[in-house]
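What follows is target.txt (compact mmCIF, C-alpha atoms and all ligand atoms).
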```
# COMPACT_ATOMS: atom_id res chain seq x y z
CA MET A 1130 4.30 -23.88 18.04
CA GLN A 1131 2.39 -20.61 17.68
CA GLN A 1132 4.31 -17.90 15.84
CA GLU A 1133 3.54 -14.21 15.96
CA HIS A 1134 4.89 -11.66 13.49
CA LEU A 1135 4.72 -7.89 13.72
CA PHE A 1136 4.97 -6.33 10.26
CA LYS A 1137 5.27 -2.62 9.57
CA VAL A 1138 3.76 -1.85 6.17
CA LEU A 1139 3.84 1.59 4.52
CA VAL A 1140 0.94 2.87 2.46
CA ILE A 1141 2.30 5.54 0.11
CA GLY A 1142 1.32 7.42 -3.03
CA ASP A 1143 0.06 10.86 -4.05
CA LEU A 1144 -2.54 12.86 -2.16
CA GLY A 1145 -6.13 11.76 -2.69
CA VAL A 1146 -5.42 8.35 -4.26
CA GLY A 1147 -7.27 6.59 -1.45
CA LYS A 1148 -4.59 5.49 1.01
CA THR A 1149 -6.58 6.37 4.12
CA SER A 1150 -9.73 4.88 2.60
CA ILE A 1151 -7.96 1.59 1.85
CA ILE A 1152 -6.67 1.34 5.42
CA LYS A 1153 -10.07 2.23 6.89
CA ARG A 1154 -11.79 -0.31 4.66
CA TYR A 1155 -9.32 -3.05 5.50
CA VAL A 1156 -9.10 -2.43 9.23
CA HIS A 1157 -12.52 -1.03 10.15
CA GLN A 1158 -14.72 -2.17 7.22
CA ILE A 1159 -15.89 1.38 6.56
CA PHE A 1160 -15.82 3.84 3.66
CA SER A 1161 -16.62 7.54 3.55
CA GLN A 1162 -16.90 9.93 0.60
CA HIS A 1163 -15.99 12.80 2.85
CA TYR A 1164 -12.56 13.98 2.14
CA ARG A 1165 -10.56 14.55 5.28
CA ALA A 1166 -6.85 15.01 4.80
CA THR A 1167 -5.13 13.39 7.73
CA ILE A 1168 -2.34 15.31 9.32
CA GLY A 1169 0.81 13.68 10.59
CA VAL A 1170 1.63 10.03 10.66
CA ASP A 1171 -1.12 7.65 11.60
CA PHE A 1172 -1.18 3.91 11.81
CA ALA A 1173 -3.77 1.21 12.14
CA LEU A 1174 -3.29 -2.30 13.45
CA LYS A 1175 -4.92 -5.43 12.10
CA VAL A 1176 -4.35 -8.73 13.86
CA PHE A 1177 -5.33 -11.93 12.08
CA ASN A 1178 -4.58 -15.64 11.83
CA TRP A 1179 -2.50 -16.36 8.75
CA ASP A 1180 -2.68 -20.11 9.26
CA SER A 1181 -3.25 -22.44 12.19
CA HIS A 1182 0.13 -21.62 13.72
CA THR A 1183 0.84 -18.07 12.53
CA VAL A 1184 -0.61 -14.82 13.86
CA ILE A 1185 0.13 -11.61 11.96
CA ARG A 1186 0.05 -8.20 13.56
CA LEU A 1187 -0.01 -5.83 10.61
CA GLN A 1188 0.80 -2.20 11.27
CA LEU A 1189 -0.38 -0.08 8.33
CA TRP A 1190 1.34 3.30 8.27
CA ASP A 1191 -0.56 6.14 6.64
CA ILE A 1192 1.69 8.99 5.54
CA ALA A 1193 -1.15 11.40 6.02
CA GLY A 1194 -0.53 14.87 4.67
CA GLN A 1195 3.12 14.44 3.66
CA GLU A 1196 2.46 13.18 0.18
CA ARG A 1197 5.66 14.31 -1.45
CA TYR A 1198 8.28 11.72 -2.23
CA GLY A 1199 11.64 12.89 -1.04
CA ASN A 1200 9.90 14.71 1.77
CA MET A 1201 9.40 11.55 3.75
CA THR A 1202 12.04 10.94 6.33
CA ARG A 1203 14.06 7.80 6.81
CA VAL A 1204 12.69 7.71 10.33
CA TYR A 1205 9.22 7.15 8.97
CA TYR A 1206 10.31 4.36 6.65
CA ARG A 1207 12.51 2.71 9.26
CA GLU A 1208 11.92 -0.98 9.91
CA ALA A 1209 9.19 -1.26 7.33
CA VAL A 1210 9.09 -4.75 5.81
CA GLY A 1211 6.66 -4.03 2.97
CA ALA A 1212 4.72 -1.33 1.15
CA LEU A 1213 1.54 -0.69 -0.76
CA ILE A 1214 2.07 1.98 -3.40
CA VAL A 1215 -1.26 3.42 -4.50
CA PHE A 1216 -2.36 5.41 -7.55
CA ASP A 1217 -5.78 6.61 -8.67
CA VAL A 1218 -7.00 5.17 -12.00
CA THR A 1219 -8.87 8.40 -12.72
CA ARG A 1220 -5.72 10.57 -12.53
CA ALA A 1221 -2.74 9.73 -14.76
CA SER A 1222 -0.43 12.05 -12.81
CA THR A 1223 -0.74 9.79 -9.78
CA PHE A 1224 0.46 6.86 -11.92
CA ASP A 1225 3.38 8.89 -13.27
CA ALA A 1226 4.46 9.44 -9.65
CA VAL A 1227 4.62 5.68 -8.87
CA PRO A 1228 8.28 5.12 -9.92
CA LYS A 1229 9.27 8.14 -7.82
CA TRP A 1230 7.55 6.70 -4.77
CA LYS A 1231 9.22 3.34 -5.43
CA ASP A 1232 12.67 4.96 -5.74
CA ASP A 1233 12.09 6.97 -2.58
CA LEU A 1234 11.14 3.79 -0.74
CA ASP A 1235 14.08 1.76 -2.05
CA SER A 1236 16.56 4.54 -1.29
CA LYS A 1237 15.42 4.76 2.32
CA VAL A 1238 14.70 1.25 3.50
CA THR A 1239 16.17 -2.19 2.91
CA LEU A 1240 15.71 -5.52 4.64
CA SER A 1241 18.40 -6.88 6.95
CA ASN A 1242 19.71 -8.96 4.00
CA GLY A 1243 20.18 -5.76 1.98
CA LYS A 1244 17.28 -6.41 -0.40
CA THR A 1245 14.51 -3.93 -1.13
CA VAL A 1246 11.24 -4.44 0.74
CA PRO A 1247 8.42 -6.15 -1.18
CA ALA A 1248 5.97 -3.65 -2.66
CA VAL A 1249 2.54 -4.21 -4.20
CA LEU A 1250 1.02 -1.71 -6.63
CA LEU A 1251 -2.64 -0.73 -6.16
CA ALA A 1252 -4.64 0.77 -9.04
CA ASN A 1253 -7.34 2.22 -6.80
CA LYS A 1254 -10.85 3.57 -7.53
CA SER A 1255 -11.50 0.75 -10.00
CA ASP A 1256 -15.22 1.47 -9.53
CA GLN A 1257 -14.63 4.68 -11.55
CA SER A 1258 -13.79 5.09 -15.23
CA ARG A 1259 -10.05 4.74 -15.93
CA GLU A 1260 -9.84 7.82 -18.05
CA GLY A 1261 -6.41 8.51 -19.42
CA LEU A 1262 -4.98 5.25 -18.10
CA SER A 1263 -6.68 2.77 -20.41
CA THR A 1264 -3.43 2.10 -22.27
CA GLN A 1265 -1.27 1.76 -19.14
CA ILE A 1266 -3.45 -0.68 -17.17
CA PRO A 1267 -2.97 -3.58 -19.65
CA LYS A 1268 0.80 -3.07 -19.38
CA LEU A 1269 0.98 -3.23 -15.60
CA ASP A 1270 2.53 -6.72 -15.57
CA SER A 1271 5.62 -5.49 -17.40
CA PHE A 1272 5.57 -2.19 -15.49
CA CYS A 1273 5.74 -4.19 -12.24
CA LYS A 1274 8.66 -6.28 -13.48
CA GLU A 1275 10.58 -3.22 -14.63
CA ASN A 1276 9.95 -1.32 -11.41
CA GLY A 1277 10.41 -4.17 -8.97
CA PHE A 1278 6.87 -4.64 -7.70
CA VAL A 1279 5.89 -8.13 -6.56
CA GLY A 1280 2.39 -7.68 -8.00
CA TRP A 1281 -0.47 -5.34 -8.74
CA PHE A 1282 -4.22 -5.24 -8.09
CA GLU A 1283 -7.11 -3.11 -9.24
CA THR A 1284 -8.75 -2.09 -5.99
CA SER A 1285 -11.75 -0.16 -4.79
CA ALA A 1286 -11.96 1.00 -1.20
CA LYS A 1287 -15.50 2.08 -1.99
CA GLU A 1288 -16.71 -1.33 -3.16
CA ASN A 1289 -14.22 -3.35 -1.14
CA THR A 1290 -12.61 -4.93 -4.18
CA ASN A 1291 -9.27 -6.76 -4.01
CA ILE A 1292 -7.94 -5.06 -0.90
CA GLU A 1293 -7.74 -8.31 1.06
CA ALA A 1294 -6.15 -10.03 -1.94
CA ALA A 1295 -3.53 -7.31 -2.36
CA ILE A 1296 -2.56 -7.41 1.31
CA ARG A 1297 -2.47 -11.19 1.23
CA CYS A 1298 -0.06 -11.05 -1.70
CA LEU A 1299 2.14 -8.59 0.19
CA VAL A 1300 2.14 -10.69 3.39
CA GLU A 1301 3.07 -13.82 1.40
CA ASN A 1302 6.06 -11.97 0.01
CA ILE A 1303 7.03 -10.57 3.40
CA LEU A 1304 6.92 -14.06 4.93
CA ALA A 1305 9.04 -15.39 2.07
CA HIS A 1306 11.75 -12.86 2.98
CA GLU A 1307 11.68 -13.63 6.72
P1 LIG B 1401 -5.47 9.75 0.57
O1 LIG B 1401 -5.13 11.20 0.49
O2 LIG B 1401 -4.60 8.94 -0.35
O3 LIG B 1401 -5.46 9.21 1.97
O4 LIG B 1401 -6.95 9.56 -0.02
P2 LIG B 1401 -8.33 9.39 0.77
O5 LIG B 1401 -8.45 8.02 1.34
O6 LIG B 1401 -8.51 10.52 1.70
O7 LIG B 1401 -9.37 9.47 -0.43
C1 LIG B 1401 -9.50 10.63 -1.24
C2 LIG B 1401 -10.90 10.67 -1.83
O8 LIG B 1401 -11.08 9.58 -2.72
C3 LIG B 1401 -12.02 10.56 -0.79
O9 LIG B 1401 -13.08 11.41 -1.19
C4 LIG B 1401 -12.44 9.12 -0.86
O10 LIG B 1401 -13.79 8.95 -0.51
C5 LIG B 1401 -12.21 8.81 -2.33
N1 LIG B 1401 -11.90 7.39 -2.58
C6 LIG B 1401 -10.96 6.64 -1.97
N2 LIG B 1401 -10.96 5.38 -2.45
C7 LIG B 1401 -11.93 5.33 -3.38
C8 LIG B 1401 -12.43 4.29 -4.24
O11 LIG B 1401 -11.98 3.15 -4.25
N3 LIG B 1401 -13.44 4.64 -5.09
C9 LIG B 1401 -13.96 5.90 -5.13
N4 LIG B 1401 -14.95 6.13 -5.99
N5 LIG B 1401 -13.54 6.89 -4.33
C10 LIG B 1401 -12.53 6.62 -3.47
MG MG B 1402 -4.96 10.22 3.75
```
Rewrite the structure of this file - the entire thing - as structure tokens.
Ligand code: GDP
Ligand code: MG
Amino acid sequence: MQQEHLFKVLVIGDLGVGKTSIIKRYVHQIFSQHYRATIGVDFALKVFNWDSHTVIRLQLWDIAGQERYGNMTRVYYREAVGALIVFDVTRASTFDAVPKWKDDLDSKVTLSNGKTVPAVLLANKSDQSREGLSTQIPKLDSFCKENGFVGWFETSAKENTNIEAAIRCLVENILAHE
């Protein structure tokens, strides 16, 4: 029997880390250098075959212009079943904010079984030099365990690196919680 799942996935993290670029790359296969801060909440839909009997409708929610943890409303997080939390490898401050984003997420949304939603950590802009984060990147495995991430990936929206893999990892974990 054919199964169809609709999954709401949040893409969160500080301003300028590449959230919109990752969504655009994944959904529309495009990348632009031009910075355009999106205003309001935006979402993109990607429909794909997971396997021969499973269709996934993935709704990627872009927080767009409200990049302050604590500022996000429960309404926005409501019914999310997974999240991508993004930082920029060229700016350490965006990595320091990751646990705050994770806490904000976990305090505002849980699955029907009471568990936190699966979250994958994206170290974005891997095409650039990782100034200031060269000591943290090798420790990301333990960071993920400590902070409850199901995994992490070095991604580049610019060069289309690892975005599919990261989303695949998230979807696997979402399906495991179904
Ligand atoms: P957002 O505020 O998190 O949505 O970030 P944007 O997607 O608007 O990206 C902010 C800036 O970073 C833009 O100028 C993008 O072109 C740039 N950017 C995003 N992802 C990458 C990447 O993987 N590599 C590089 N070099 N630049 C990126
Ligand atoms: Mg944006």
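Here the question is which of A:Asp1191, A:Gln1265, A:Leu1250, A:Leu1299 gets nearest to Phe1282 of chain A using all atoms listed in the file, and that residue is A:Leu1250.
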Nearest to Asn1253 of chain A by atom-to-atom distance, counting only C-alpha atoms, from A:Leu1135, A:Leu1269, A:Ala1173, A:Val1146:
A:Val1146
Give me the residues within 10 Å of Asp1235 of chain A as a compact mmCIF listing (two decimals) with C-alpha atoms, keeping the file's coordinate frame, counting all atoms listed in the file and dropping any in the same chain fewer than 4 places off.
```txt
# COMPACT_ATOMS: atom_id res chain seq x y z
CA TYR A 1206 10.31 4.36 6.65
CA LYS A 1229 9.27 8.14 -7.82
CA TRP A 1230 7.55 6.70 -4.77
CA LYS A 1231 9.22 3.34 -5.43
CA THR A 1239 16.17 -2.19 2.91
CA LYS A 1244 17.28 -6.41 -0.40
CA THR A 1245 14.51 -3.93 -1.13
CA VAL A 1246 11.24 -4.44 0.74
CA PRO A 1247 8.42 -6.15 -1.18
CA ALA A 1248 5.97 -3.65 -2.66
CA GLY A 1277 10.41 -4.17 -8.97
```
Which residues, written as a PyMOL selection string, have at least one atom at most 6 Å from Phe1278 of chain A, with all atoms listed in the file counted and residues fewer than 2 positions away on the same chain left out?
chain A and resi 1248-1249+1273+1276+1280
Select the residues contacting ligand LIG 1401 (chain B) at a distance of at most 10 Å, based on only C-alpha atoms and all ligand atoms, then format the selection as a ChimeraX atom specification.
/A:1140-1154,1160-1167,1191-1196,1215-1219,1252-1258,1283-1290,1292
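Atom pair atom CA of Ser1271 of chain A / atom CA of Asp1232 of chain A: separated by 17.2 Å.
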Which one is closest to ligand MG 1402 (chain B): A:Glu1260, A:Asp1180, A:Asp1171, A:Glu1275? Count all atoms listed in the file.
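Smallest separation from ligand MG 1402 (chain B) among the options: A:Asp1171.
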In Å, with one decimal, what is the gap from atom CA of Gly1261 of chain A to atom CA of Gly1211 of chain A?
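It comes out at 28.8 Å.
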Which of A:Leu1262, A:Ile1159, A:Ile1303, A:Leu1240 sits closest to Arg1220 of chain A [using all atoms listed in the file]
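The answer is A:Leu1262, which sits nearest to Arg1220 of chain A.
Closest approach to Glu1208 of chain A among A:Ala1305, A:Val1138, A:Gln1131, A:Lys1175: A:Val1138, based on only C-alpha atoms.
Once all atoms listed in the file are considered, the residues situated within 6 Å of the file point (0.6, -7.7, 1.4) turn out to be Ala1295, Ile1296, Arg1297, Cys1298, Leu1299 and Val1300 of chain A.
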Export of the given selection (C-alpha atoms) as a compact mmCIF listing (two decimals), keeping the file's coordinate frame:
```
# COMPACT_ATOMS: atom_id res chain seq x y z
CA ALA A 1295 -3.53 -7.31 -2.36
CA ILE A 1296 -2.56 -7.41 1.31
CA ARG A 1297 -2.47 -11.19 1.23
CA CYS A 1298 -0.06 -11.05 -1.70
CA LEU A 1299 2.14 -8.59 0.19
CA VAL A 1300 2.14 -10.69 3.39
```
Atom CA of Leu1234 of chain A and atom CA of Arg1197 of chain A are how many Å apart?
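Atom-to-atom, atom CA of Leu1234 of chain A to atom CA of Arg1197 of chain A, that is 11.9 Å.
Considering all atoms listed in the file, the residue among A:Thr1202, A:Lys1268, A:Asn1302, A:Leu1213 positioned nearest to Val1238 of chain A is A:Thr1202.
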